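Worksheet for the structure shown next.
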Amino acid sequence: MNKPLRRIAIFCGLLVLALLIRDNWLQYVQADDLQSNVHNRRVAIERYAQPLGDIIVDGKSITGSTKTSGSDFEYKRTYKDGPMWAPVTGYASQAFGTSQLENLENGILTGNDDRLFFRNTLDMITGKKKQGGNVVTTLNDAAQKAAYQGLGNKKGAVAAIDPKTGAILALASTPSYDPSTFSGNSTDTDTKAWNRLQKKNNPDDPMLNRALRETYPPGSTFKVVTAAAALENGLVPDADTKTDSPDPWTMPGTTTVLPNEGNLPCKNATLRVALRVSCNSVFGKVGSDLGNDKMLEEAKKFGFGSEQFTPVRSNASVFSDGMNKSQTALSSIGQYNTAATPLQMAMVASAVANDGTLMKPYMVSELSTHNLDVIEHTDPQKLSQPLSQKNAQVLQSMMETVVKSGTGQNAQINEQGVTVGGKTGTAQHGIDNSEKPYAWFISYAKLSDGSSPVAVAVVVEDGSANRDDISGGGLAAPIARDVMKAVIDSKK
């Protein structure tokens with residue numbers, strides 16, 4: 001071979017080698033990125049070429065698919081009671097993508113998950129179309145209805161958990177939205193519906209999942225964490241020993257008195273009395289005496305400072321580090337920098353109810369094929385141990401006093417063998433507390449056999465209420481009661 005031909009051959013060989021390398025790079029290295037690229041329309045066309053699998057609650061689907069016309073997308077997503085379930089399902093839109101369970105379990109719902117490969121291969125052999133699998137949730141239909149209807153036209157959220165397992169039983173957020181209204185392919189109707197829901201056009205932000213993604217000052221509900229810290233660190237031996245708590249009490253390093261609401265028996269009050277009537281001075285001083293490090297350590301044991309993945313992500317709740325004694329005092333009554341999601345405060349109540357053991361919250365029980373063969377099952381996992389069994393039972397007795405004869409009496413369930421423990425909270429916010437406060441209530445219910453099937457957290461932002469009428473006991477406790485009762489009744 002002469003020299004010019006040899007050069008041409010080498011050059012052509014290098015070109016072929018470069019093409020092979022590029023082809024393998026695209027097929028094996030960039031394949032996933034290209035497949036999920038938002039500009040790859042073929043992926044979306046394939047996604048909606050057949051009905052999606054369903055999201056299941058109590059054995060029934062809360063999602064569906066319907067045939068479309070005039071589009072290269074053959075099917076679109078539909079929802080049953082869309083606004084009620086939106087905080088659980090999220091949305092699947094041909095024009096605007098997916099969120100929450102619709103996004104995180106996309107592979108199962110579309111049938112593209114590798115675990116469905118064998119099943120779909122058999123379907124292809126037999127001539128059946130590929131079918132998506134199902135996402136079976138832990139949600140309780142009756143509890144979700146009670147939560148959603150209880151919130152009504154008020155802004156707020158509810159989270160309910162099974163303390164023994166961590167299974168999420170209710171997850172409601174209002175105002176909400178109907179994912180069906182924009183599940184189509186960018187028609188004028190879909191686009192207008194989507195635009196109406198965006199925060200820039202709707203200050204109520206109905207697409208915000210307040211149960212998981214909004215952190216609020218928890219107010220006096222956080223006193224449960226402070227009481228746990230006092231018991232765990234031996235600052236107070238039990239529920240009925242008097243504390244060293246003057247009233248009025250001036251916060252360390254300041255001339256500022258930490259006030260109590262009204263004429264309360266807070267001077268040197270026991271933890272039981274202080275929780276029953278919600279003494280700021282007692283719990284502020286407890287937090288200050290323990291110090292920032294011990295309070296932060298206890299808050300972390302309850303889940304503060306960590307995101308939770310249910311699998312939908314929940315924002316991390318906040319208890320700050322590096323605070324002085326007066327800042328720690330304010331934080332220990334759920335003010336200053338302290339902020340929590342409703343899920344986090346439900347976790348606090350559930351840990352107390354579960355004799356001090358905190359279970360990891362989760363909302364997906366199983367992933368299954370379209371004919372309900374289970375391909376993955378979620379097992380309960382212990383997350384932490386915020387309290388000893390002994391101290392948890394002491395705190396249970398205190399929270400039950402709150403509901404029996406204190407600020408939480410609106411949460412009582414008048415059924416034989418049912419005992420409710422709880423804590424109210426009215427959290428101030430805004431510059432110089434100029435905004436209307438948030439109404440909180442956290443609680444659990446116990447049955448006659450000692451089991452606790454449900455723990456609940458409720459927060460209400462009721463802008464229409466008179467400021468003086470806003471209280472955790474008045475606005476939030478009745479909602480918590482109805483959610484707990486719904487869970488109890490569903491197990492009969």
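Ordering of the structure tokens sets the chain letters (A, B, ...), residue numbers begin anew at 1 in every chain, and ligands are numbered from 1 in the order given.
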
Considering only C-alpha atoms, return as a PDB file with all heavy atoms, in the first residue's frame whatever protein or nucleic-acid residues lie within 9 Å of segment 221-228 of chain A, sequence-local ones (same chain, fewer than 5 positions apart) excluded.
ATOM      1  N   ASN A 233     -32.700  14.509  80.925  1.00  0.00           N
ATOM      2  CA  ASN A 233     -31.458  15.019  81.512  1.00  0.00           C
ATOM      3  C   ASN A 233     -31.506  15.100  83.034  1.00  0.00           C
ATOM      4  O   ASN A 233     -30.566  15.594  83.658  1.00  0.00           O
ATOM      5  CB  ASN A 233     -31.130  16.397  80.924  1.00  0.00           C
ATOM      6  CG  ASN A 233     -30.620  16.305  79.494  1.00  0.00           C
ATOM      7  OD1 ASN A 233     -29.458  16.001  79.249  1.00  0.00           O
ATOM      8  ND2 ASN A 233     -31.509  16.572  78.536  1.00  0.00           N
ATOM      9  N   VAL A 236     -35.621  17.580  86.016  1.00  0.00           N
ATOM     10  CA  VAL A 236     -36.842  17.412  86.794  1.00  0.00           C
ATOM     11  C   VAL A 236     -37.072  15.913  86.930  1.00  0.00           C
ATOM     12  O   VAL A 236     -37.068  15.190  85.932  1.00  0.00           O
ATOM     13  CB  VAL A 236     -38.045  18.084  86.108  1.00  0.00           C
ATOM     14  CG1 VAL A 236     -39.296  17.912  86.945  1.00  0.00           C
ATOM     15  CG2 VAL A 236     -37.770  19.556  85.865  1.00  0.00           C
ATOM     16  N   LEU A 271     -44.227  20.077  86.218  1.00  0.00           N
ATOM     17  CA  LEU A 271     -44.301  19.936  84.756  1.00  0.00           C
ATOM     18  C   LEU A 271     -45.720  19.617  84.304  1.00  0.00           C
ATOM     19  O   LEU A 271     -46.176  20.099  83.265  1.00  0.00           O
ATOM     20  CB  LEU A 271     -43.344  18.843  84.275  1.00  0.00           C
ATOM     21  CG  LEU A 271     -41.853  19.165  84.227  1.00  0.00           C
ATOM     22  CD1 LEU A 271     -41.091  18.003  83.596  1.00  0.00           C
ATOM     23  CD2 LEU A 271     -41.576  20.450  83.450  1.00  0.00           C
ATOM     24  N   LEU A 275     -47.604  22.088  81.780  1.00  0.00           N
ATOM     25  CA  LEU A 275     -48.039  21.667  80.446  1.00  0.00           C
ATOM     26  C   LEU A 275     -49.547  21.821  80.310  1.00  0.00           C
ATOM     27  O   LEU A 275     -50.046  22.213  79.239  1.00  0.00           O
ATOM     28  CB  LEU A 275     -47.635  20.218  80.191  1.00  0.00           C
ATOM     29  CG  LEU A 275     -47.645  19.781  78.727  1.00  0.00           C
ATOM     30  CD1 LEU A 275     -46.498  20.439  77.966  1.00  0.00           C
ATOM     31  CD2 LEU A 275     -47.550  18.263  78.592  1.00  0.00           C
ATOM     32  N   SER A 278     -49.975  25.534  80.090  1.00  0.00           N
ATOM     33  CA  SER A 278     -49.019  26.073  79.122  1.00  0.00           C
ATOM     34  C   SER A 278     -48.250  27.282  79.656  1.00  0.00           C
ATOM     35  O   SER A 278     -48.357  28.395  79.142  1.00  0.00           O
ATOM     36  CB  SER A 278     -49.730  26.440  77.804  1.00  0.00           C
ATOM     37  OG  SER A 278     -48.814  26.429  76.738  1.00  0.00           O
ATOM     38  N   ASN A 280     -45.287  29.572  79.936  1.00  0.00           N
ATOM     39  CA  ASN A 280     -44.070  29.977  79.230  1.00  0.00           C
ATOM     40  C   ASN A 280     -42.882  30.073  80.181  1.00  0.00           C
ATOM     41  O   ASN A 280     -41.759  29.678  79.839  1.00  0.00           O
ATOM     42  CB  ASN A 280     -44.278  31.332  78.550  1.00  0.00           C
ATOM     43  CG  ASN A 280     -45.255  31.259  77.400  1.00  0.00           C
ATOM     44  OD1 ASN A 280     -45.423  30.205  76.776  1.00  0.00           O
ATOM     45  ND2 ASN A 280     -45.921  32.362  77.124  1.00  0.00           N
ATOM     46  N   PHE A 283     -41.294  26.505  81.105  1.00  0.00           N
ATOM     47  CA  PHE A 283     -40.579  25.815  80.037  1.00  0.00           C
ATOM     48  C   PHE A 283     -39.448  26.669  79.458  1.00  0.00           C
ATOM     49  O   PHE A 283     -38.435  26.134  79.004  1.00  0.00           O
ATOM     50  CB  PHE A 283     -41.550  25.360  78.951  1.00  0.00           C
ATOM     51  CG  PHE A 283     -42.407  24.213  79.397  1.00  0.00           C
ATOM     52  CD1 PHE A 283     -43.715  24.422  79.810  1.00  0.00           C
ATOM     53  CD2 PHE A 283     -41.888  22.932  79.468  1.00  0.00           C
ATOM     54  CE1 PHE A 283     -44.500  23.366  80.250  1.00  0.00           C
ATOM     55  CE2 PHE A 283     -42.662  21.867  79.906  1.00  0.00           C
ATOM     56  CZ  PHE A 283     -43.969  22.082  80.301  1.00  0.00           C
ATOM     57  N   GLY A 284     -39.623  27.992  79.477  1.00  0.00           N
ATOM     58  CA  GLY A 284     -38.521  28.856  79.077  1.00  0.00           C
ATOM     59  C   GLY A 284     -37.329  28.696  80.005  1.00  0.00           C
ATOM     60  O   GLY A 284     -36.178  28.585  79.567  1.00  0.00           O
ATOM     61  N   VAL A 286     -36.714  26.073  81.964  1.00  0.00           N
ATOM     62  CA  VAL A 286     -36.185  24.720  81.781  1.00  0.00           C
ATOM     63  C   VAL A 286     -35.193  24.690  80.627  1.00  0.00           C
ATOM     64  O   VAL A 286     -34.079  24.162  80.740  1.00  0.00           O
ATOM     65  CB  VAL A 286     -37.329  23.716  81.534  1.00  0.00           C
ATOM     66  CG1 VAL A 286     -36.780  22.403  80.955  1.00  0.00           C
ATOM     67  CG2 VAL A 286     -38.079  23.427  82.822  1.00  0.00           C
ATOM     68  N   GLY A 287     -35.587  25.269  79.488  1.00  0.00           N
ATOM     69  CA  GLY A 287     -34.701  25.296  78.333  1.00  0.00           C
ATOM     70  C   GLY A 287     -33.429  26.073  78.599  1.00  0.00           C
ATOM     71  O   GLY A 287     -32.326  25.655  78.217  1.00  0.00           O
ATOM     72  N   MET A 295     -30.680  20.991  74.745  1.00  0.00           N
ATOM     73  CA  MET A 295     -31.962  21.156  74.048  1.00  0.00           C
ATOM     74  C   MET A 295     -31.828  20.752  72.579  1.00  0.00           C
ATOM     75  O   MET A 295     -32.714  20.077  72.026  1.00  0.00           O
ATOM     76  CB  MET A 295     -32.442  22.599  74.164  1.00  0.00           C
ATOM     77  CG  MET A 295     -33.063  22.959  75.506  1.00  0.00           C
ATOM     78  SD  MET A 295     -34.560  21.975  75.887  1.00  0.00           S
ATOM     79  CE  MET A 295     -35.588  22.325  74.467  1.00  0.00           C
ATOM     80  N   GLU A 298     -31.728  16.925  72.220  1.00  0.00           N
ATOM     81  CA  GLU A 298     -33.038  16.293  72.330  1.00  0.00           C
ATOM     82  C   GLU A 298     -33.889  16.565  71.096  1.00  0.00           C
ATOM     83  O   GLU A 298     -34.581  15.663  70.589  1.00  0.00           O
ATOM     84  CB  GLU A 298     -33.760  16.790  73.588  1.00  0.00           C
ATOM     85  CG  GLU A 298     -35.068  16.079  73.887  1.00  0.00           C
ATOM     86  CD  GLU A 298     -34.888  14.611  74.241  1.00  0.00           C
ATOM     87  OE1 GLU A 298     -33.771  14.218  74.637  1.00  0.00           O
ATOM     88  OE2 GLU A 298     -35.863  13.851  74.097  1.00  0.00           O
ATOM     89  N   ALA A 299     -33.855  17.798  70.588  1.00  0.00           N
ATOM     90  CA  ALA A 299     -34.629  18.129  69.386  1.00  0.00           C
ATOM     91  C   ALA A 299     -34.199  17.250  68.208  1.00  0.00           C
ATOM     92  O   ALA A 299     -35.036  16.765  67.431  1.00  0.00           O
ATOM     93  CB  ALA A 299     -34.466  19.606  69.042  1.00  0.00           C
ATOM     94  N   PHE A 302     -35.721  13.853  68.099  1.00  0.00           N
ATOM     95  CA  PHE A 302     -37.091  13.841  67.590  1.00  0.00           C
ATOM     96  C   PHE A 302     -37.146  14.052  66.073  1.00  0.00           C
ATOM     97  O   PHE A 302     -38.222  13.955  65.490  1.00  0.00           O
ATOM     98  CB  PHE A 302     -37.921  14.915  68.279  1.00  0.00           C
ATOM     99  CG  PHE A 302     -38.463  14.506  69.625  1.00  0.00           C
ATOM    100  CD1 PHE A 302     -37.898  14.979  70.799  1.00  0.00           C
ATOM    101  CD2 PHE A 302     -39.545  13.651  69.717  1.00  0.00           C
ATOM    102  CE1 PHE A 302     -38.403  14.614  72.039  1.00  0.00           C
ATOM    103  CE2 PHE A 302     -40.067  13.277  70.952  1.00  0.00           C
ATOM    104  CZ  PHE A 302     -39.487  13.757  72.117  1.00  0.00           C
ATOM    105  N   SER A 331     -36.680  29.744  72.287  1.00  0.00           N
ATOM    106  CA  SER A 331     -36.763  28.611  71.367  1.00  0.00           C
ATOM    107  C   SER A 331     -37.416  27.414  72.035  1.00  0.00           C
ATOM    108  O   SER A 331     -38.079  26.606  71.369  1.00  0.00           O
ATOM    109  CB  SER A 331     -35.368  28.236  70.873  1.00  0.00           C
ATOM    110  OG  SER A 331     -34.819  29.277  70.078  1.00  0.00           O
ATOM    111  N   SER A 332     -37.240  27.292  73.344  1.00  0.00           N
ATOM    112  CA  SER A 332     -37.782  26.146  74.068  1.00  0.00           C
ATOM    113  C   SER A 332     -39.284  26.216  74.270  1.00  0.00           C
ATOM    114  O   SER A 332     -39.903  25.236  74.693  1.00  0.00           O
ATOM    115  CB  SER A 332     -37.077  26.003  75.429  1.00  0.00           C
ATOM    116  OG  SER A 332     -35.696  25.767  75.245  1.00  0.00           O
ATOM    117  N   ILE A 333     -39.881  27.364  73.989  1.00  0.00           N
ATOM    118  CA  ILE A 333     -41.348  27.461  73.986  1.00  0.00           C
ATOM    119  C   ILE A 333     -41.868  27.591  72.557  1.00  0.00           C
ATOM    120  O   ILE A 333     -42.993  28.041  72.314  1.00  0.00           O
ATOM    121  CB  ILE A 333     -41.861  28.616  74.877  1.00  0.00           C
ATOM    122  CG1 ILE A 333     -41.367  29.983  74.378  1.00  0.00           C
ATOM    123  CG2 ILE A 333     -41.458  28.399  76.330  1.00  0.00           C
ATOM    124  CD1 ILE A 333     -42.050  31.168  75.049  1.00  0.00           C
ATOM    125  N   GLY A 334     -41.004  27.210  71.588  1.00  0.00           N
ATOM    126  CA  GLY A 334     -41.448  27.144  70.198  1.00  0.00           C
ATOM    127  C   GLY A 334     -41.472  28.453  69.469  1.00  0.00           C
ATOM    128  O   GLY A 334     -42.186  28.584  68.462  1.00  0.00           O
ATOM    129  N   GLN A 335     -40.697  29.423  69.951  1.00  0.00           N
ATOM    130  CA  GLN A 335     -40.629  30.728  69.290  1.00  0.00           C
ATOM    131  C   GLN A 335     -39.173  30.984  68.857  1.00  0.00           C
ATOM    132  O   GLN A 335     -38.420  30.048  68.644  1.00  0.00           O
ATOM    133  CB  GLN A 335     -41.145  31.826  70.214  1.00  0.00           C
ATOM    134  CG  GLN A 335     -42.607  31.672  70.615  1.00  0.00           C
ATOM    135  CD  GLN A 335     -43.599  31.911  69.477  1.00  0.00           C
ATOM    136  OE1 GLN A 335     -44.786  31.606  69.580  1.00  0.00           O
ATOM    137  NE2 GLN A 335     -43.113  32.431  68.367  1.00  0.00           N
ATOM    138  N   THR A 338     -37.113  28.626  66.252  1.00  0.00           N
ATOM    139  CA  THR A 338     -37.654  27.270  66.145  1.00  0.00           C
ATOM    140  C   THR A 338     -38.759  27.224  65.091  1.00  0.00           C
ATOM    141  O   THR A 338     -39.646  28.072  65.061  1.00  0.00           O
ATOM    142  CB  THR A 338     -38.217  26.806  67.502  1.00  0.00           C
ATOM    143  OG1 THR A 338     -37.190  26.916  68.487  1.00  0.00           O
ATOM    144  CG2 THR A 338     -38.675  25.365  67.436  1.00  0.00           C
ATOM    145  N   MET A 345     -43.999  17.589  63.853  1.00  0.00           N
ATOM    146  CA  MET A 345     -44.695  17.621  65.133  1.00  0.00           C
ATOM    147  C   MET A 345     -45.565  16.375  65.338  1.00  0.00           C
ATOM    148  O   MET A 345     -45.779  15.942  66.474  1.00  0.00           O
ATOM    149  CB  MET A 345     -45.517  18.899  65.259  1.00  0.00           C
ATOM    150  CG  MET A 345     -44.672  20.174  65.272  1.00  0.00           C
ATOM    151  SD  MET A 345     -43.238  20.119  66.393  1.00  0.00           S
ATOM    152  CE  MET A 345     -44.035  19.983  67.994  1.00  0.00           C
ATOM    153  N   VAL A 348     -43.185  14.001  66.827  1.00  0.00           N
ATOM    154  CA  VAL A 348     -42.994  14.234  68.259  1.00  0.00           C
ATOM    155  C   VAL A 348     -44.077  13.502  69.054  1.00  0.00           C
ATOM    156  O   VAL A 348     -43.799  12.766  70.007  1.00  0.00           O
ATOM    157  CB  VAL A 348     -43.003  15.744  68.568  1.00  0.00           C
ATOM    158  CG1 VAL A 348     -43.071  15.993  70.075  1.00  0.00           C
ATOM    159  CG2 VAL A 348     -41.770  16.426  67.977  1.00  0.00           C
ATOM    160  N   ALA A 349     -45.337  13.714  68.645  1.00  0.00           N
ATOM    161  CA  ALA A 349     -46.445  13.066  69.354  1.00  0.00           C
ATOM    162  C   ALA A 349     -46.371  11.546  69.244  1.00  0.00           C
ATOM    163  O   ALA A 349     -46.669  10.826  70.203  1.00  0.00           O
ATOM    164  CB  ALA A 349     -47.780  13.567  68.805  1.00  0.00           C
ATOM    165  N   VAL A 352     -43.740   9.965  71.670  1.00  0.00           N
ATOM    166  CA  VAL A 352     -44.248   9.902  73.038  1.00  0.00           C
ATOM    167  C   VAL A 352     -45.249   8.754  73.166  1.00  0.00           C
ATOM    168  O   VAL A 352     -45.191   7.955  74.107  1.00  0.00           O
ATOM    169  CB  VAL A 352     -44.910  11.238  73.439  1.00  0.00           C
ATOM    170  CG1 VAL A 352     -45.537  11.130  74.827  1.00  0.00           C
ATOM    171  CG2 VAL A 352     -43.892  12.373  73.404  1.00  0.00           C
ATOM    172  N   PRO A 386     -35.913   9.085  71.382  1.00  0.00           N
ATOM    173  CA  PRO A 386     -35.849  10.374  72.074  1.00  0.00           C
ATOM    174  C   PRO A 386     -36.050  10.276  73.584  1.00  0.00           C
ATOM    175  O   PRO A 386     -35.552  11.123  74.327  1.00  0.00           O
ATOM    176  CB  PRO A 386     -36.978  11.189  71.435  1.00  0.00           C
ATOM    177  CG  PRO A 386     -37.282  10.495  70.148  1.00  0.00           C
ATOM    178  CD  PRO A 386     -36.994   9.058  70.392  1.00  0.00           C
ATOM    179  N   LEU A 387     -36.809   9.257  74.044  1.00  0.00           N
ATOM    180  CA  LEU A 387     -37.089   9.120  75.467  1.00  0.00           C
ATOM    181  C   LEU A 387     -36.985   7.659  75.888  1.00  0.00           C
ATOM    182  O   LEU A 387     -37.199   6.750  75.083  1.00  0.00           O
ATOM    183  CB  LEU A 387     -38.510   9.574  75.815  1.00  0.00           C
ATOM    184  CG  LEU A 387     -38.944  11.008  75.589  1.00  0.00           C
ATOM    185  CD1 LEU A 387     -39.798  11.090  74.359  1.00  0.00           C
ATOM    186  CD2 LEU A 387     -39.725  11.496  76.788  1.00  0.00           C
ATOM    187  N   ASN A 391     -39.792   7.603  80.923  1.00  0.00           N
ATOM    188  CA  ASN A 391     -40.051   9.033  80.746  1.00  0.00           C
ATOM    189  C   ASN A 391     -41.142   9.290  79.723  1.00  0.00           C
ATOM    190  O   ASN A 391     -41.902  10.256  79.852  1.00  0.00           O
ATOM    191  CB  ASN A 391     -38.766   9.752  80.359  1.00  0.00           C
ATOM    192  CG  ASN A 391     -37.807   9.903  81.525  1.00  0.00           C
ATOM    193  OD1 ASN A 391     -38.226   9.930  82.685  1.00  0.00           O
ATOM    194  ND2 ASN A 391     -36.523  10.008  81.239  1.00  0.00           N
ATOM    195  N   ALA A 392     -41.232   8.429  78.700  1.00  0.00           N
ATOM    196  CA  ALA A 392     -42.313   8.580  77.727  1.00  0.00           C
ATOM    197  C   ALA A 392     -43.670   8.388  78.408  1.00  0.00           C
ATOM    198  O   ALA A 392     -44.629   9.128  78.132  1.00  0.00           O
ATOM    199  CB  ALA A 392     -42.140   7.579  76.594  1.00  0.00           C
ATOM    200  N   LEU A 395     -44.532  11.444  80.316  1.00  0.00           N
ATOM    201  CA  LEU A 395     -44.985  12.513  79.424  1.00  0.00           C
ATOM    202  C   LEU A 395     -46.376  12.210  78.875  1.00  0.00           C
ATOM    203  O   LEU A 395     -47.185  13.127  78.681  1.00  0.00           O
ATOM    204  CB  LEU A 395     -43.970  12.695  78.288  1.00  0.00           C
ATOM    205  CG  LEU A 395     -44.043  13.963  77.433  1.00  0.00           C
ATOM    206  CD1 LEU A 395     -44.284  15.207  78.267  1.00  0.00           C
ATOM    207  CD2 LEU A 395     -42.785  14.108  76.597  1.00  0.00           C
ATOM    208  N   MET A 399     -49.565  14.756  78.988  1.00  0.00           N
ATOM    209  CA  MET A 399     -50.341  15.150  77.811  1.00  0.00           C
ATOM    210  C   MET A 399     -51.803  14.747  77.953  1.00  0.00           C
ATOM    211  O   MET A 399     -52.704  15.440  77.454  1.00  0.00           O
ATOM    212  CB  MET A 399     -49.723  14.540  76.552  1.00  0.00           C
ATOM    213  CG  MET A 399     -48.348  15.111  76.205  1.00  0.00           C
ATOM    214  SD  MET A 399     -47.577  14.349  74.741  1.00  0.00           S
ATOM    215  CE  MET A 399     -48.643  14.958  73.425  1.00  0.00           C
ATOM    216  N   GLY A 422     -52.514  15.253  74.446  1.00  0.00           N
ATOM    217  CA  GLY A 422     -52.271  16.294  73.454  1.00  0.00           C
ATOM    218  C   GLY A 422     -51.603  17.519  74.024  1.00  0.00           C
ATOM    219  O   GLY A 422     -51.345  17.620  75.225  1.00  0.00           O
ATOM    220  N   LYS A 423     -51.313  18.463  73.136  1.00  0.00           N
ATOM    221  CA  LYS A 423     -50.765  19.765  73.535  1.00  0.00           C
ATOM    222  C   LYS A 423     -51.171  20.802  72.516  1.00  0.00           C
ATOM    223  O   LYS A 423     -51.023  20.609  71.308  1.00  0.00           O
ATOM    224  CB  LYS A 423     -49.238  19.713  73.632  1.00  0.00           C
ATOM    225  CG  LYS A 423     -48.628  21.048  74.085  1.00  0.00           C
ATOM    226  CD  LYS A 423     -48.992  21.360  75.533  1.00  0.00           C
ATOM    227  CE  LYS A 423     -48.565  22.785  75.945  1.00  0.00           C
ATOM    228  NZ  LYS A 423     -49.585  23.789  75.556  1.00  0.00           N
ATOM    229  N   THR A 424     -51.697  21.903  73.036  1.00  0.00           N
ATOM    230  CA  THR A 424     -52.082  23.031  72.196  1.00  0.00           C
ATOM    231  C   THR A 424     -50.883  23.943  71.951  1.00  0.00           C
ATOM    232  O   THR A 424     -49.887  23.910  72.670  1.00  0.00           O
ATOM    233  CB  THR A 424     -53.179  23.855  72.872  1.00  0.00           C
ATOM    234  OG1 THR A 424     -52.717  24.238  74.173  1.00  0.00           O
ATOM    235  CG2 THR A 424     -54.466  23.061  73.009  1.00  0.00           C
ATOM    236  N   GLY A 425     -51.020  24.780  70.940  1.00  0.00           N
ATOM    237  CA  GLY A 425     -50.012  25.800  70.682  1.00  0.00           C
ATOM    238  C   GLY A 425     -50.616  26.945  69.902  1.00  0.00           C
ATOM    239  O   GLY A 425     -51.424  26.735  68.988  1.00  0.00           O
ATOM    240  N   THR A 426     -50.254  28.155  70.267  1.00  0.00           N
ATOM    241  CA  THR A 426     -50.653  29.345  69.514  1.00  0.00           C
ATOM    242  C   THR A 426     -49.376  30.112  69.235  1.00  0.00           C
ATOM    243  O   THR A 426     -48.817  30.749  70.122  1.00  0.00           O
ATOM    244  CB  THR A 426     -51.651  30.209  70.301  1.00  0.00           C
ATOM    245  OG1 THR A 426     -52.760  29.393  70.703  1.00  0.00           O
ATOM    246  CG2 THR A 426     -52.165  31.360  69.450  1.00  0.00           C
ATOM    247  N   ALA A 427     -48.874  29.993  68.003  1.00  0.00           N
ATOM    248  CA  ALA A 427     -47.534  30.485  67.664  1.00  0.00           C
ATOM    249  C   ALA A 427     -47.596  31.877  67.062  1.00  0.00           C
ATOM    250  O   ALA A 427     -48.291  32.113  66.068  1.00  0.00           O
ATOM    251  CB  ALA A 427     -46.854  29.529  66.693  1.00  0.00           C
ATOM    252  N   TRP A 440     -52.027  25.533  66.656  1.00  0.00           N
ATOM    253  CA  TRP A 440     -51.454  24.187  66.583  1.00  0.00           C
ATOM    254  C   TRP A 440     -52.152  23.238  67.563  1.00  0.00           C
ATOM    255  O   TRP A 440     -52.613  23.653  68.618  1.00  0.00           O
ATOM    256  CB  TRP A 440     -49.980  24.219  66.989  1.00  0.00           C
ATOM    257  CG  TRP A 440     -48.977  24.564  65.955  1.00  0.00           C
ATOM    258  CD1 TRP A 440     -48.463  25.806  65.681  1.00  0.00           C
ATOM    259  CD2 TRP A 440     -48.289  23.661  65.082  1.00  0.00           C
ATOM    260  NE1 TRP A 440     -47.510  25.728  64.700  1.00  0.00           N
ATOM    261  CE2 TRP A 440     -47.382  24.422  64.316  1.00  0.00           C
ATOM    262  CE3 TRP A 440     -48.348  22.283  64.888  1.00  0.00           C
ATOM    263  CZ2 TRP A 440     -46.547  23.848  63.362  1.00  0.00           C
ATOM    264  CZ3 TRP A 440     -47.534  21.703  63.935  1.00  0.00           C
ATOM    265  CH2 TRP A 440     -46.638  22.484  63.173  1.00  0.00           C
ATOM    266  N   PHE A 441     -52.142  21.972  67.198  1.00  0.00           N
ATOM    267  CA  PHE A 441     -52.480  20.935  68.167  1.00  0.00           C
ATOM    268  C   PHE A 441     -51.779  19.652  67.757  1.00  0.00           C
ATOM    269  O   PHE A 441     -51.812  19.263  66.586  1.00  0.00           O
ATOM    270  CB  PHE A 441     -53.993  20.683  68.248  1.00  0.00           C
ATOM    271  CG  PHE A 441     -54.393  19.857  69.432  1.00  0.00           C
ATOM    272  CD1 PHE A 441     -54.375  20.406  70.702  1.00  0.00           C
ATOM    273  CD2 PHE A 441     -54.766  18.524  69.293  1.00  0.00           C
ATOM    274  CE1 PHE A 441     -54.722  19.650  71.820  1.00  0.00           C
ATOM    275  CE2 PHE A 441     -55.119  17.762  70.394  1.00  0.00           C
ATOM    276  CZ  PHE A 441     -55.099  18.333  71.666  1.00  0.00           C
ATOM    277  N   ILE A 442     -51.097  19.007  68.725  1.00  0.00           N
ATOM    278  CA  ILE A 442     -50.524  17.691  68.493  1.00  0.00           C
ATOM    279  C   ILE A 442     -51.139  16.725  69.491  1.00  0.00           C
ATOM    280  O   ILE A 442     -51.459  17.118  70.622  1.00  0.00           O
ATOM    281  CB  ILE A 442     -48.990  17.682  68.593  1.00  0.00           C
ATOM    282  CG1 ILE A 442     -48.504  18.020  70.015  1.00  0.00           C
ATOM    283  CG2 ILE A 442     -48.387  18.652  67.591  1.00  0.00           C
ATOM    284  CD1 ILE A 442     -47.008  17.838  70.211  1.00  0.00           C
TER     285      ILE A 442
END

Legend entry - Residue contacts of Thr138 of chain A (6 Å, only C-alpha atoms) excluding same-chain residues fewer than 2 positions away, as a VMD selection string: chain A and resid 167 to 168 363 to 365

Legend entry - Among listed residues A:Gly150, A:Pro51, A:Pro342, A:Gly219, nearest Arg481 of chain A (using only C-alpha atoms): A:Gly150

Inset, instruction - Report as JSON, numbers by chain: the residues of segment 65-137 of chain A with a DSSP assignment of strand (DSSP E or B), based on the backbone of this structure. - result: {"A": [65, 66, 67, 75, 76, 77, 78, 79, 92, 93, 97, 98, 134, 135, 136, 137]}

With a cut-off of 12 Å, could you pull out the residues of segment 156-187 of chain A touching segment 52-67 of chain A and give me the nearest pair of atoms for each, distance in Å to one decimal, using only C-alpha atoms, ordered by chain and ascending number, as a Markdown table?
| residue | atom | partner | partner_atom | distance |
| --- | --- | --- | --- | --- |
| A:Ile168 | CA | A:Val57 | CA | 11.6 |
| A:Leu169 | CA | A:Val57 | CA | 10.0 |
| A:Ala170 | CA | A:Val57 | CA | 10.7 |
| A:Asp178 | CA | A:Thr63 | CA | 11.7 |
| A:Pro179 | CA | A:Thr63 | CA | 10.2 |
| A:Ser180 | CA | A:Thr63 | CA | 9.6 |
| A:Ser183 | CA | A:Ser65 | CA | 10.2 |
| A:Gly184 | CA | A:Thr66 | CA | 10.4 |

Legend entry - Spatial neighbours of Asn315 of chain A, max dist 8 Å, only C-alpha atoms, sep filter under 2 positions, as number ranges by chain: A: 212-215, 306-308, 313, 317, 341

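Counting only C-alpha atoms, Ala146 of chain A has the following residues at most 12 Å away, ignoring those fewer than 5 positions along the same chain: Met84, Asn140, Asp141, Leu151, Gly152, Ala157, Val158, Ala159, Ala160, Leu169, Ala170, Leu171, Ala172, Val456, Val458, Pro478, Ile479, Ala480, Arg481, Asp482, Val483, Met484, Lys485, Ala486, Val487, Asp489 and Ser490 of chain A.
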